[in-house]
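Shown here: run-v7.tsv, TSV, N, CA and C atoms.
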```
chain	number	residue	atom	x	y	z
A	220	MET	N	95.39	108.38	168.19
A	220	MET	CA	95.69	109.61	168.88
A	220	MET	C	94.53	110.11	169.72
A	221	PRO	N	93.49	109.35	169.92
A	221	PRO	CA	92.38	109.88	170.70
A	221	PRO	C	92.69	109.95	172.20
A	222	TYR	N	92.02	110.89	172.84
A	222	TYR	CA	92.08	110.95	174.30
A	222	TYR	C	90.75	111.47	174.81
A	223	ARG	N	90.46	111.12	176.07
A	223	ARG	CA	89.25	111.60	176.73
A	223	ARG	C	89.65	112.23	178.04
A	224	THR	N	88.91	113.24	178.43
A	224	THR	CA	89.14	113.89	179.72
A	224	THR	C	87.84	113.95	180.48
A	225	SER	N	87.96	113.89	181.80
A	225	SER	CA	86.77	114.08	182.63
A	225	SER	C	87.22	114.60	183.99
A	226	TRP	N	86.38	115.47	184.54
A	226	TRP	CA	86.64	116.02	185.86
A	226	TRP	C	85.98	115.13	186.90
A	227	GLU	N	86.67	114.94	187.99
A	227	GLU	CA	86.16	114.19	189.13
A	227	GLU	C	86.09	115.17	190.30
A	228	PRO	N	85.45	114.79	191.40
A	228	PRO	CA	85.31	115.74	192.51
A	228	PRO	C	86.64	116.36	192.98
A	229	ALA	N	87.71	115.59	193.01
A	229	ALA	CA	88.98	116.11	193.53
A	229	ALA	C	90.08	116.16	192.48
A	230	GLY	N	89.76	115.82	191.23
A	230	GLY	CA	90.83	115.79	190.24
A	230	GLY	C	90.35	115.61	188.83
A	231	PHE	N	91.26	115.13	188.01
A	231	PHE	CA	91.09	115.09	186.57
A	231	PHE	C	91.56	113.74	186.06
A	232	LEU	N	90.79	113.12	185.19
A	232	LEU	CA	91.16	111.86	184.57
A	232	LEU	C	91.40	112.10	183.09
A	233	LEU	N	92.56	111.67	182.62
A	233	LEU	CA	92.94	111.79	181.22
A	233	LEU	C	93.24	110.38	180.71
A	234	GLU	N	92.55	109.97	179.65
A	234	GLU	CA	92.73	108.62	179.11
A	234	GLU	C	93.21	108.71	177.67
A	235	HIS	N	94.41	108.22	177.43
A	235	HIS	CA	94.99	108.17	176.09
A	235	HIS	C	94.82	106.77	175.53
A	236	SER	N	94.69	106.68	174.20
A	236	SER	CA	94.64	105.36	173.56
A	236	SER	C	95.24	105.48	172.16
A	237	GLY	N	95.64	104.31	171.64
A	237	GLY	CA	96.23	104.28	170.30
A	237	GLY	C	97.57	104.98	170.28
A	238	LEU	N	97.80	105.77	169.24
A	238	LEU	CA	99.03	106.54	169.09
A	238	LEU	C	98.97	107.78	169.99
A	239	ILE	N	100.03	108.00	170.76
A	239	ILE	CA	100.12	109.21	171.58
A	239	ILE	C	101.29	110.04	171.06
A	240	THR	N	101.06	111.35	170.93
A	240	THR	CA	102.08	112.27	170.43
A	240	THR	C	102.31	113.40	171.41
A	241	GLY	N	103.40	114.11	171.22
A	241	GLY	CA	103.67	115.29	172.04
A	241	GLY	C	102.59	116.35	171.86
A	242	ASP	N	102.08	116.51	170.65
A	242	ASP	CA	101.01	117.49	170.41
A	242	ASP	C	99.75	117.13	171.19
A	243	GLU	N	99.45	115.84	171.25
A	243	GLU	CA	98.27	115.40	172.00
A	243	GLU	C	98.44	115.71	173.49
A	244	ILE	N	99.64	115.49	174.01
A	244	ILE	CA	99.90	115.82	175.42
A	244	ILE	C	99.70	117.31	175.65
A	245	ASP	N	100.19	118.14	174.74
A	245	ASP	CA	100.01	119.59	174.86
A	245	ASP	C	98.53	119.96	174.85
A	246	GLN	N	97.75	119.35	173.96
A	246	GLN	CA	96.32	119.65	173.88
A	246	GLN	C	95.60	119.26	175.17
A	247	ALA	N	95.92	118.10	175.70
A	247	ALA	CA	95.28	117.64	176.93
A	247	ALA	C	95.66	118.54	178.10
A	248	ASN	N	96.93	118.93	178.17
A	248	ASN	CA	97.37	119.85	179.22
A	248	ASN	C	96.64	121.18	179.12
A	249	GLN	N	96.48	121.68	177.92
A	249	GLN	CA	95.78	122.94	177.70
A	249	GLN	C	94.33	122.85	178.19
A	250	ARG	N	93.71	121.70	177.94
A	250	ARG	CA	92.33	121.49	178.39
A	250	ARG	C	92.26	121.53	179.92
A	251	PHE	N	93.23	120.90	180.57
A	251	PHE	CA	93.26	120.89	182.03
A	251	PHE	C	93.51	122.30	182.58
A	252	PHE	N	94.57	122.95	182.13
A	252	PHE	CA	94.98	124.22	182.72
A	252	PHE	C	94.08	125.40	182.35
A	253	SER	N	93.29	125.27	181.29
A	253	SER	CA	92.38	126.36	180.93
A	253	SER	C	91.10	126.34	181.76
A	254	ASP	N	90.91	125.30	182.53
A	254	ASP	CA	89.72	125.18	183.37
A	254	ASP	C	90.05	125.69	184.77
A	255	PRO	N	89.22	126.56	185.34
A	255	PRO	CA	89.49	127.10	186.67
A	255	PRO	C	89.62	126.03	187.76
A	256	ARG	N	89.03	124.86	187.55
A	256	ARG	CA	89.13	123.78	188.54
A	256	ARG	C	90.56	123.27	188.69
A	257	SER	N	91.41	123.55	187.72
A	257	SER	CA	92.80	123.08	187.81
A	257	SER	C	93.53	123.74	188.99
A	258	ASP	N	93.07	124.90	189.41
A	258	ASP	CA	93.72	125.59	190.54
A	258	ASP	C	93.47	124.91	191.88
A	259	THR	N	92.45	124.06	191.95
A	259	THR	CA	92.15	123.38	193.22
A	259	THR	C	92.19	121.86	193.11
A	260	ALA	N	92.50	121.34	191.93
A	260	ALA	CA	92.56	119.88	191.75
A	260	ALA	C	93.66	119.30	192.62
A	261	ARG	N	93.41	118.14	193.21
A	261	ARG	CA	94.42	117.48	194.03
A	261	ARG	C	95.21	116.46	193.24
A	262	TYR	N	94.66	116.00	192.11
A	262	TYR	CA	95.37	114.99	191.33
A	262	TYR	C	94.98	115.04	189.86
A	263	GLN	N	95.86	114.43	189.06
A	263	GLN	CA	95.58	114.04	187.70
A	263	GLN	C	95.91	112.56	187.59
A	264	ILE	N	95.00	111.80	187.02
A	264	ILE	CA	95.30	110.42	186.68
A	264	ILE	C	95.43	110.39	185.17
A	265	ILE	N	96.60	110.01	184.69
A	265	ILE	CA	96.88	109.96	183.26
A	265	ILE	C	96.97	108.49	182.88
A	266	ASP	N	95.89	107.99	182.31
A	266	ASP	CA	95.79	106.57	181.99
A	266	ASP	C	96.26	106.32	180.56
A	267	CYS	N	97.43	105.73	180.43
A	267	CYS	CA	98.01	105.39	179.13
A	267	CYS	C	98.00	103.89	178.89
A	268	SER	N	97.14	103.18	179.61
A	268	SER	CA	97.12	101.73	179.51
A	268	SER	C	96.65	101.23	178.14
A	269	GLN	N	95.97	102.08	177.38
A	269	GLN	CA	95.49	101.69	176.06
A	269	GLN	C	96.35	102.26	174.93
A	270	VAL	N	97.50	102.82	175.27
A	270	VAL	CA	98.42	103.35	174.26
A	270	VAL	C	99.09	102.17	173.55
A	271	THR	N	99.10	102.24	172.22
A	271	THR	CA	99.71	101.17	171.43
A	271	THR	C	100.96	101.64	170.68
A	272	GLU	N	101.11	102.96	170.52
A	272	GLU	CA	102.25	103.51	169.79
A	272	GLU	C	102.60	104.86	170.39
A	273	VAL	N	103.90	105.14	170.49
A	273	VAL	CA	104.38	106.35	171.14
A	273	VAL	C	105.23	107.16	170.18
A	274	ASP	N	104.86	108.42	169.98
A	274	ASP	CA	105.65	109.36	169.17
A	274	ASP	C	105.88	110.61	170.01
A	275	ILE	N	106.74	110.46	171.01
A	275	ILE	CA	107.02	111.54	171.96
A	275	ILE	C	108.53	111.67	172.06
A	276	SER	N	109.03	112.87	171.86
A	276	SER	CA	110.47	113.10	171.94
A	276	SER	C	110.88	113.55	173.34
A	277	VAL	N	112.16	113.50	173.59
A	277	VAL	CA	112.70	114.02	174.84
A	277	VAL	C	112.35	115.51	174.95
A	278	HIS	N	112.42	116.21	173.84
A	278	HIS	CA	112.05	117.63	173.83
A	278	HIS	C	110.59	117.82	174.25
A	279	ASP	N	109.68	116.97	173.75
A	279	ASP	CA	108.26	117.06	174.12
A	279	ASP	C	108.10	116.94	175.64
A	280	MET	N	108.78	115.96	176.23
A	280	MET	CA	108.62	115.73	177.67
A	280	MET	C	109.27	116.86	178.47
A	281	SER	N	110.38	117.38	178.00
A	281	SER	CA	111.03	118.50	178.68
A	281	SER	C	110.15	119.75	178.62
A	282	ARG	N	109.55	120.00	177.47
A	282	ARG	CA	108.66	121.15	177.32
A	282	ARG	C	107.44	121.01	178.24
A	283	THR	N	106.88	119.82	178.30
A	283	THR	CA	105.73	119.59	179.18
A	283	THR	C	106.12	119.81	180.63
A	284	ALA	N	107.27	119.33	181.04
A	284	ALA	CA	107.74	119.53	182.42
A	284	ALA	C	107.92	121.01	182.72
A	285	ALA	N	108.43	121.77	181.77
A	285	ALA	CA	108.62	123.22	181.98
A	285	ALA	C	107.27	123.92	182.12
A	286	TYR	N	106.30	123.58	181.27
A	286	TYR	CA	104.96	124.16	181.38
A	286	TYR	C	104.34	123.82	182.73
A	287	ASP	N	104.48	122.56	183.12
A	287	ASP	CA	103.89	122.12	184.37
A	287	ASP	C	104.55	122.80	185.57
A	288	LEU	N	105.82	123.10	185.47
A	288	LEU	CA	106.48	123.83	186.55
A	288	LEU	C	105.82	125.18	186.75
A	289	GLY	N	105.53	125.87	185.67
A	289	GLY	CA	104.81	127.14	185.77
A	289	GLY	C	103.44	126.96	186.40
A	290	ALA	N	102.73	125.92	186.00
A	290	ALA	CA	101.40	125.65	186.54
A	290	ALA	C	101.46	125.29	188.02
A	291	SER	N	102.57	124.72	188.45
A	291	SER	CA	102.68	124.33	189.86
A	291	SER	C	102.72	125.54	190.77
A	292	ARG	N	102.97	126.70	190.22
A	292	ARG	CA	102.96	127.93	191.03
A	292	ARG	C	101.55	128.26	191.51
A	293	SER	N	100.53	127.94	190.69
A	293	SER	CA	99.15	128.23	191.10
A	293	SER	C	98.53	127.07	191.87
A	294	ASN	N	99.05	125.87	191.68
A	294	ASN	CA	98.56	124.71	192.43
A	294	ASN	C	99.74	123.79	192.72
A	295	PRO	N	100.39	124.01	193.87
A	295	PRO	CA	101.61	123.25	194.17
A	295	PRO	C	101.37	121.84	194.71
A	296	GLN	N	100.12	121.44	194.91
A	296	GLN	CA	99.83	120.17	195.61
A	296	GLN	C	99.41	119.02	194.72
A	297	ILE	N	99.48	119.14	193.42
A	297	ILE	CA	98.96	118.09	192.53
A	297	ILE	C	99.82	116.82	192.59
A	298	LYS	N	99.11	115.70	192.57
A	298	LYS	CA	99.75	114.40	192.43
A	298	LYS	C	99.43	113.90	191.01
A	299	LEU	N	100.45	113.46	190.30
A	299	LEU	CA	100.25	112.91	188.96
A	299	LEU	C	100.43	111.40	189.04
A	300	ALA	N	99.36	110.68	188.78
A	300	ALA	CA	99.38	109.22	188.80
A	300	ALA	C	99.30	108.74	187.35
A	301	PHE	N	100.38	108.16	186.86
A	301	PHE	CA	100.43	107.66	185.49
A	301	PHE	C	100.15	106.16	185.49
A	302	VAL	N	99.37	105.72	184.50
A	302	VAL	CA	99.13	104.30	184.29
A	302	VAL	C	99.75	103.95	182.94
A	303	SER	N	100.71	103.02	182.96
A	303	SER	CA	101.37	102.66	181.72
A	303	SER	C	101.89	101.23	181.78
A	304	THR	N	101.69	100.51	180.69
A	304	THR	CA	102.28	99.19	180.54
A	304	THR	C	103.13	99.12	179.27
A	305	HIS	N	103.06	100.13	178.44
A	305	HIS	CA	103.84	100.18	177.20
A	305	HIS	C	105.25	100.66	177.53
A	306	PRO	N	106.28	99.90	177.19
A	306	PRO	CA	107.65	100.28	177.58
A	306	PRO	C	108.08	101.67	177.11
A	307	ASP	N	107.73	102.04	175.86
A	307	ASP	CA	108.12	103.35	175.36
A	307	ASP	C	107.38	104.48	176.09
A	308	MET	N	106.13	104.22	176.43
A	308	MET	CA	105.36	105.21	177.17
A	308	MET	C	105.93	105.38	178.57
A	309	THR	N	106.24	104.28	179.21
A	309	THR	CA	106.82	104.34	180.55
A	309	THR	C	108.15	105.09	180.52
A	310	LEU	N	108.95	104.86	179.50
A	310	LEU	CA	110.22	105.58	179.36
A	310	LEU	C	109.99	107.08	179.21
A	311	ALA	N	109.00	107.48	178.43
A	311	ALA	CA	108.68	108.90	178.26
A	311	ALA	C	108.21	109.51	179.58
A	312	ILE	N	107.40	108.80	180.31
A	312	ILE	CA	106.93	109.27	181.61
A	312	ILE	C	108.11	109.43	182.57
A	313	GLU	N	108.99	108.46	182.59
A	313	GLU	CA	110.17	108.55	183.46
A	313	GLU	C	111.03	109.75	183.11
A	314	LYS	N	111.17	110.05	181.82
A	314	LYS	CA	111.93	111.23	181.39
A	314	LYS	C	111.25	112.50	181.90
A	315	TYR	N	109.93	112.56	181.75
A	315	TYR	CA	109.17	113.72	182.24
A	315	TYR	C	109.39	113.90	183.75
A	316	ILE	N	109.32	112.82	184.50
A	316	ILE	CA	109.48	112.90	185.95
A	316	ILE	C	110.90	113.36	186.30
A	317	THR	N	111.89	112.83	185.63
A	317	THR	CA	113.28	113.22	185.88
A	317	THR	C	113.48	114.72	185.63
A	318	VAL	N	112.97	115.20	184.51
A	318	VAL	CA	113.10	116.63	184.20
A	318	VAL	C	112.33	117.46	185.23
A	319	SER	N	111.12	117.04	185.55
A	319	SER	CA	110.31	117.79	186.52
A	319	SER	C	111.01	117.89	187.87
A	320	LYS	N	111.58	116.79	188.33
A	320	LYS	CA	112.28	116.81	189.62
A	320	LYS	C	113.53	117.69	189.55
A	321	SER	N	114.21	117.70	188.41
A	321	SER	CA	115.40	118.54	188.29
A	321	SER	C	115.02	120.02	188.31
A	322	LEU	N	113.79	120.33	187.93
A	322	LEU	CA	113.30	121.71	187.97
A	322	LEU	C	112.75	122.09	189.35
A	323	LYS	N	112.79	121.14	190.27
A	323	LYS	CA	112.36	121.36	191.66
A	323	LYS	C	110.86	121.60	191.79
A	324	THR	N	110.07	120.87	191.03
A	324	THR	CA	108.62	120.98	191.16
A	324	THR	C	108.17	120.48	192.53
A	325	THR	N	107.03	120.97	192.95
A	325	THR	CA	106.43	120.50	194.21
A	325	THR	C	105.46	119.34	193.97
A	326	TRP	N	105.18	119.05	192.72
A	326	TRP	CA	104.25	117.97	192.41
A	326	TRP	C	104.86	116.62	192.75
A	327	ARG	N	103.99	115.64	193.01
A	327	ARG	CA	104.42	114.28	193.30
A	327	ARG	C	103.98	113.36	192.17
A	328	PHE	N	104.74	112.31	191.95
A	328	PHE	CA	104.54	111.44	190.79
A	328	PHE	C	104.51	109.97	191.19
A	329	GLY	N	103.71	109.21	190.47
A	329	GLY	CA	103.70	107.76	190.62
A	329	GLY	C	103.38	107.12	189.28
A	330	ILE	N	104.00	105.98	189.01
A	330	ILE	CA	103.71	105.21	187.80
A	330	ILE	C	103.16	103.85	188.25
A	331	PHE	N	102.04	103.48	187.66
A	331	PHE	CA	101.33	102.27	188.06
A	331	PHE	C	100.96	101.46	186.84
A	332	GLU	N	100.74	100.17	187.03
A	332	GLU	CA	100.36	99.29	185.93
A	332	GLU	C	98.86	99.15	185.77
A	333	ASP	N	98.09	99.65	186.74
A	333	ASP	CA	96.64	99.59	186.60
A	333	ASP	C	96.00	100.82	187.25
A	334	ILE	N	94.82	101.13	186.78
A	334	ILE	CA	94.13	102.34	187.21
A	334	ILE	C	93.72	102.28	188.68
A	335	GLU	N	93.42	101.09	189.17
A	335	GLU	CA	92.99	100.97	190.57
A	335	GLU	C	94.09	101.43	191.52
A	336	ARG	N	95.30	100.97	191.29
A	336	ARG	CA	96.41	101.39	192.15
A	336	ARG	C	96.72	102.87	191.98
A	337	ALA	N	96.64	103.36	190.75
A	337	ALA	CA	96.87	104.78	190.49
A	337	ALA	C	95.85	105.63	191.23
A	338	ARG	N	94.61	105.24	191.17
A	338	ARG	CA	93.54	105.98	191.85
A	338	ARG	C	93.71	105.93	193.37
A	339	GLU	N	94.04	104.78	193.88
A	339	GLU	CA	94.24	104.64	195.32
A	339	GLU	C	95.35	105.60	195.80
A	340	TRP	N	96.46	105.62	195.09
A	340	TRP	CA	97.58	106.51	195.45
A	340	TRP	C	97.19	107.98	195.30
A	341	ALA	N	96.53	108.30	194.19
A	341	ALA	CA	96.17	109.71	193.91
A	341	ALA	C	95.21	110.26	194.94
A	342	GLU	N	94.30	109.43	195.40
A	342	GLU	CA	93.26	109.90	196.32
A	342	GLU	C	93.68	109.85	197.79
A	343	MET	N	94.87	109.34	198.09
A	343	MET	CA	95.35	109.29	199.48
A	343	MET	C	95.59	110.69	200.01
```

Have the structure of the file written as structure tokens, please.
Amino acid sequence: MPYRTSWEPAGFLLEHSGLITGDEIDQANQRFFSDPRSDTARYQIIDCSQVTEVDISVHDMSRTAAYDLGASRSNPQIKLAFVSTHPDMTLAIEKYITVSKSLKTTWRFGIFEDIERAREWAEM
């Protein structure tokens, strides 16, 4: 369930590994949104390439999408670049994106198999 966060000049890098849970996603989001830099960040790169087990419900992803919709009011330009190779993680990300789009968020989303492509897209 470990994760690491770091701020970059134009965005935020979040790296998950091992078991990922809905609570961990909430904690990482709280870390991002409680920092004043989140109001001007252009991207988040969410690297789940080291995730080995997924314990995330549809409710978890829907709740995260709803929170993020509120956050998009203060920063409507964020790009979320997800890195995932784990099928269950990719499915959870796709659910999050579907819910977010149904809520009419202004954020943009991409799912990538490696961090280099995710970074290239996020920084465009």

Q: Could you check which of A:Arg338, A:Tyr262, A:His305, A:Asp274 is closest to Trp326 of chain A, using only C-alpha atoms?
A: A:Tyr262

Q. Near Phe331 of chain A, within 9 Å and counting only C-alpha atoms, which residues show up once chain neighbours fewer than 5 positions away are dropped, as a list in words?
A. Ala300, Phe301, Val302, Ser303, Thr304, Arg336 and Ala337 of chain A

Starting from 4 Å padding per side, set up an axis-aligned box that covers all listed atoms of segment 305-315 of chain A and hand over centre and edge lengths in Å, one decimal, as AutoDock Vina command-line options.
```
--center_x 107.5 --center_y 106.9 --center_z 179.6 --size_x 16.9 --size_y 22.0 --size_z 16.4
```

Q) Which is closer to Leu299 of chain A than all the others in A:Ser319, A:Gln246, A:Ser257, A:Gln263, using all atoms listed in the file? A) A:Gln263

Q.
Write out as a PyMOL selection string the set of residues from chain A that DSSP, computed on the backbone, places in helix (DSSP H, G or I).
A. chain A and resi 241-252+255-258+277-290+306-321+334-341

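Around Pro295 of chain A, within 7 Å and counting only C-alpha atoms, the residues found are Ser291, Arg292, Thr325 and Trp326 of chain A, once anything fewer than 3 positions away on its own chain is removed.
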
Residues from last step as file, N, CA and C atoms, as a short mmCIF file (atom, residue, chain, number, x, y, z; two decimals), keeping the file's coordinate frame:
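Dumped to part.cif:
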```
data_model
loop_
_atom_site.label_atom_id
_atom_site.label_comp_id
_atom_site.auth_asym_id
_atom_site.auth_seq_id
_atom_site.Cartn_x
_atom_site.Cartn_y
_atom_site.Cartn_z
N SER A 291 102.57 124.72 188.45
CA SER A 291 102.68 124.33 189.86
C SER A 291 102.72 125.54 190.77
N ARG A 292 102.97 126.70 190.22
CA ARG A 292 102.96 127.93 191.03
C ARG A 292 101.55 128.26 191.51
N THR A 325 107.03 120.97 192.95
CA THR A 325 106.43 120.50 194.21
C THR A 325 105.46 119.34 193.97
N TRP A 326 105.18 119.05 192.72
CA TRP A 326 104.25 117.97 192.41
C TRP A 326 104.86 116.62 192.75
#
```

**Q.** Secondary structure check, strand (DSSP E) residues of segment 230-298 of chain A, as a PyMOL selection string
**A.** chain A and resi 230-240+262-274+298

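Minimum atom-to-atom distance to Asp279 of chain A, evaluated using all atoms listed in the file, belongs to A:Gly241 out of A:Ser321, A:Ile334, A:Glu342, A:Gly241.
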
Q. What is the atom C of Asp266 of chain A to atom N of Ala247 of chain A distance in Å?
A. 12.7 Å

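Computed from the coordinates, the atom CA of Pro228 of chain A to atom CA of Ala311 of chain A distance equals 28.2 Å.
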
Q: For Tyr315 of chain A, list every protein, DNA or RNA residue within 12 Å, evaluated using only C-alpha atoms, and leave out those in the same chain fewer than 4 positions away; present the list as a PyMOL selection string.
A: chain A and resi 241+244+275-288+299+301+308-311+319-322+324+328-330

**Q.** From A:Gly289, A:Asn248, A:His235, A:Arg256, residue lying nearest Gln269 of chain A [only C-alpha atoms]
**A.** A:His235

Can you patch up segment 330-340 of chain A, filling it in to all heavy atoms, and show the result as a PDB file, in the frame of the given file?
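Result file follows (selection-v3.pdb):
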```
ATOM      1  N   ILE A 330     104.000 105.980 189.010  1.00  0.00           N
ATOM      2  CA  ILE A 330     103.710 105.210 187.800  1.00  0.00           C
ATOM      3  C   ILE A 330     103.160 103.850 188.250  1.00  0.00           C
ATOM      4  O   ILE A 330     103.757 103.186 189.097  1.00  0.00           O
ATOM      5  CB  ILE A 330     104.971 104.994 186.943  1.00  0.00           C
ATOM      6  CG1 ILE A 330     105.626 106.327 186.582  1.00  0.00           C
ATOM      7  CG2 ILE A 330     104.610 104.213 185.670  1.00  0.00           C
ATOM      8  CD1 ILE A 330     106.963 106.174 185.850  1.00  0.00           C
ATOM      9  N   PHE A 331     102.040 103.480 187.660  1.00  0.00           N
ATOM     10  CA  PHE A 331     101.330 102.270 188.060  1.00  0.00           C
ATOM     11  C   PHE A 331     100.960 101.460 186.840  1.00  0.00           C
ATOM     12  O   PHE A 331     100.839 102.000 185.734  1.00  0.00           O
ATOM     13  CB  PHE A 331     100.074 102.646 188.858  1.00  0.00           C
ATOM     14  CG  PHE A 331     100.377 103.538 190.018  1.00  0.00           C
ATOM     15  CD1 PHE A 331     100.386 104.920 189.875  1.00  0.00           C
ATOM     16  CD2 PHE A 331     100.700 103.000 191.253  1.00  0.00           C
ATOM     17  CE1 PHE A 331     100.699 105.750 190.941  1.00  0.00           C
ATOM     18  CE2 PHE A 331     101.016 103.816 192.327  1.00  0.00           C
ATOM     19  CZ  PHE A 331     101.009 105.198 192.169  1.00  0.00           C
ATOM     20  N   GLU A 332     100.740 100.170 187.030  1.00  0.00           N
ATOM     21  CA  GLU A 332     100.360  99.290 185.930  1.00  0.00           C
ATOM     22  C   GLU A 332      98.860  99.150 185.770  1.00  0.00           C
ATOM     23  O   GLU A 332      98.398  98.594 184.774  1.00  0.00           O
ATOM     24  CB  GLU A 332     101.019  97.922 186.088  1.00  0.00           C
ATOM     25  CG  GLU A 332     102.522  97.994 185.900  1.00  0.00           C
ATOM     26  CD  GLU A 332     103.173  96.628 185.882  1.00  0.00           C
ATOM     27  OE1 GLU A 332     102.459  95.605 186.042  1.00  0.00           O
ATOM     28  OE2 GLU A 332     104.400  96.589 185.703  1.00  0.00           O
ATOM     29  N   ASP A 333      98.090  99.650 186.740  1.00  0.00           N
ATOM     30  CA  ASP A 333      96.640  99.590 186.600  1.00  0.00           C
ATOM     31  C   ASP A 333      96.000 100.820 187.250  1.00  0.00           C
ATOM     32  O   ASP A 333      96.577 101.445 188.128  1.00  0.00           O
ATOM     33  CB  ASP A 333      96.059  98.283 187.173  1.00  0.00           C
ATOM     34  CG  ASP A 333      96.339  98.122 188.651  1.00  0.00           C
ATOM     35  OD1 ASP A 333      95.777  98.891 189.453  1.00  0.00           O
ATOM     36  OD2 ASP A 333      97.119  97.226 189.000  1.00  0.00           O
ATOM     37  N   ILE A 334      94.820 101.130 186.780  1.00  0.00           N
ATOM     38  CA  ILE A 334      94.130 102.340 187.210  1.00  0.00           C
ATOM     39  C   ILE A 334      93.720 102.280 188.680  1.00  0.00           C
ATOM     40  O   ILE A 334      93.680 103.297 189.358  1.00  0.00           O
ATOM     41  CB  ILE A 334      92.921 102.647 186.299  1.00  0.00           C
ATOM     42  CG1 ILE A 334      92.341 104.030 186.612  1.00  0.00           C
ATOM     43  CG2 ILE A 334      91.849 101.600 186.436  1.00  0.00           C
ATOM     44  CD1 ILE A 334      92.581 105.033 185.554  1.00  0.00           C
ATOM     45  N   GLU A 335      93.420 101.090 189.170  1.00  0.00           N
ATOM     46  CA  GLU A 335      92.990 100.970 190.570  1.00  0.00           C
ATOM     47  C   GLU A 335      94.090 101.430 191.520  1.00  0.00           C
ATOM     48  O   GLU A 335      93.825 102.185 192.458  1.00  0.00           O
ATOM     49  CB  GLU A 335      92.565  99.531 190.886  1.00  0.00           C
ATOM     50  CG  GLU A 335      91.313  99.069 190.177  1.00  0.00           C
ATOM     51  CD  GLU A 335      91.536  98.650 188.721  1.00  0.00           C
ATOM     52  OE1 GLU A 335      92.712  98.417 188.310  1.00  0.00           O
ATOM     53  OE2 GLU A 335      90.541  98.576 187.979  1.00  0.00           O
ATOM     54  N   ARG A 336      95.300 100.970 191.290  1.00  0.00           N
ATOM     55  CA  ARG A 336      96.410 101.390 192.150  1.00  0.00           C
ATOM     56  C   ARG A 336      96.720 102.870 191.980  1.00  0.00           C
ATOM     57  O   ARG A 336      97.041 103.571 192.922  1.00  0.00           O
ATOM     58  CB  ARG A 336      97.649 100.551 191.874  1.00  0.00           C
ATOM     59  CG  ARG A 336      97.493  99.145 192.401  1.00  0.00           C
ATOM     60  CD  ARG A 336      98.802  98.389 192.375  1.00  0.00           C
ATOM     61  NE  ARG A 336      98.580  97.062 192.898  1.00  0.00           N
ATOM     62  CZ  ARG A 336      98.778  95.951 192.208  1.00  0.00           C
ATOM     63  NH1 ARG A 336      99.211  95.991 190.983  1.00  0.00           N
ATOM     64  NH2 ARG A 336      98.527  94.779 192.759  1.00  0.00           N
ATOM     65  N   ALA A 337      96.640 103.360 190.750  1.00  0.00           N
ATOM     66  CA  ALA A 337      96.870 104.780 190.490  1.00  0.00           C
ATOM     67  C   ALA A 337      95.850 105.630 191.230  1.00  0.00           C
ATOM     68  O   ALA A 337      96.205 106.618 191.898  1.00  0.00           O
ATOM     69  CB  ALA A 337      96.811 105.062 188.989  1.00  0.00           C
ATOM     70  N   ARG A 338      94.610 105.240 191.170  1.00  0.00           N
ATOM     71  CA  ARG A 338      93.540 105.980 191.850  1.00  0.00           C
ATOM     72  C   ARG A 338      93.710 105.930 193.370  1.00  0.00           C
ATOM     73  O   ARG A 338      93.576 106.951 194.045  1.00  0.00           O
ATOM     74  CB  ARG A 338      92.169 105.430 191.448  1.00  0.00           C
ATOM     75  CG  ARG A 338      91.013 106.186 192.071  1.00  0.00           C
ATOM     76  CD  ARG A 338      89.691 105.768 191.492  1.00  0.00           C
ATOM     77  NE  ARG A 338      89.569 106.075 190.084  1.00  0.00           N
ATOM     78  CZ  ARG A 338      89.423 107.293 189.569  1.00  0.00           C
ATOM     79  NH1 ARG A 338      89.432 108.345 190.368  1.00  0.00           N
ATOM     80  NH2 ARG A 338      89.285 107.473 188.277  1.00  0.00           N
ATOM     81  N   GLU A 339      94.040 104.780 193.880  1.00  0.00           N
ATOM     82  CA  GLU A 339      94.240 104.640 195.320  1.00  0.00           C
ATOM     83  C   GLU A 339      95.350 105.600 195.800  1.00  0.00           C
ATOM     84  O   GLU A 339      95.181 106.295 196.789  1.00  0.00           O
ATOM     85  CB  GLU A 339      94.610 103.188 195.627  1.00  0.00           C
ATOM     86  CG  GLU A 339      94.825 102.894 197.095  1.00  0.00           C
ATOM     87  CD  GLU A 339      95.176 101.439 197.310  1.00  0.00           C
ATOM     88  OE1 GLU A 339      94.412 100.565 196.850  1.00  0.00           O
ATOM     89  OE2 GLU A 339      96.235 101.184 197.922  1.00  0.00           O
ATOM     90  N   TRP A 340      96.460 105.620 195.090  1.00  0.00           N
ATOM     91  CA  TRP A 340      97.580 106.510 195.450  1.00  0.00           C
ATOM     92  C   TRP A 340      97.190 107.980 195.300  1.00  0.00           C
ATOM     93  O   TRP A 340      97.466 108.802 196.163  1.00  0.00           O
ATOM     94  CB  TRP A 340      98.795 106.179 194.587  1.00  0.00           C
ATOM     95  CG  TRP A 340      99.966 107.063 194.854  1.00  0.00           C
ATOM     96  CD1 TRP A 340     100.864 106.951 195.870  1.00  0.00           C
ATOM     97  CD2 TRP A 340     100.361 108.207 194.094  1.00  0.00           C
ATOM     98  NE1 TRP A 340     101.813 107.952 195.779  1.00  0.00           N
ATOM     99  CE2 TRP A 340     101.512 108.731 194.691  1.00  0.00           C
ATOM    100  CE3 TRP A 340      99.847 108.829 192.941  1.00  0.00           C
ATOM    101  CZ2 TRP A 340     102.178 109.854 194.200  1.00  0.00           C
ATOM    102  CZ3 TRP A 340     100.507 109.944 192.449  1.00  0.00           C
ATOM    103  CH2 TRP A 340     101.655 110.452 193.087  1.00  0.00           C
TER     104      TRP A 340
END
```
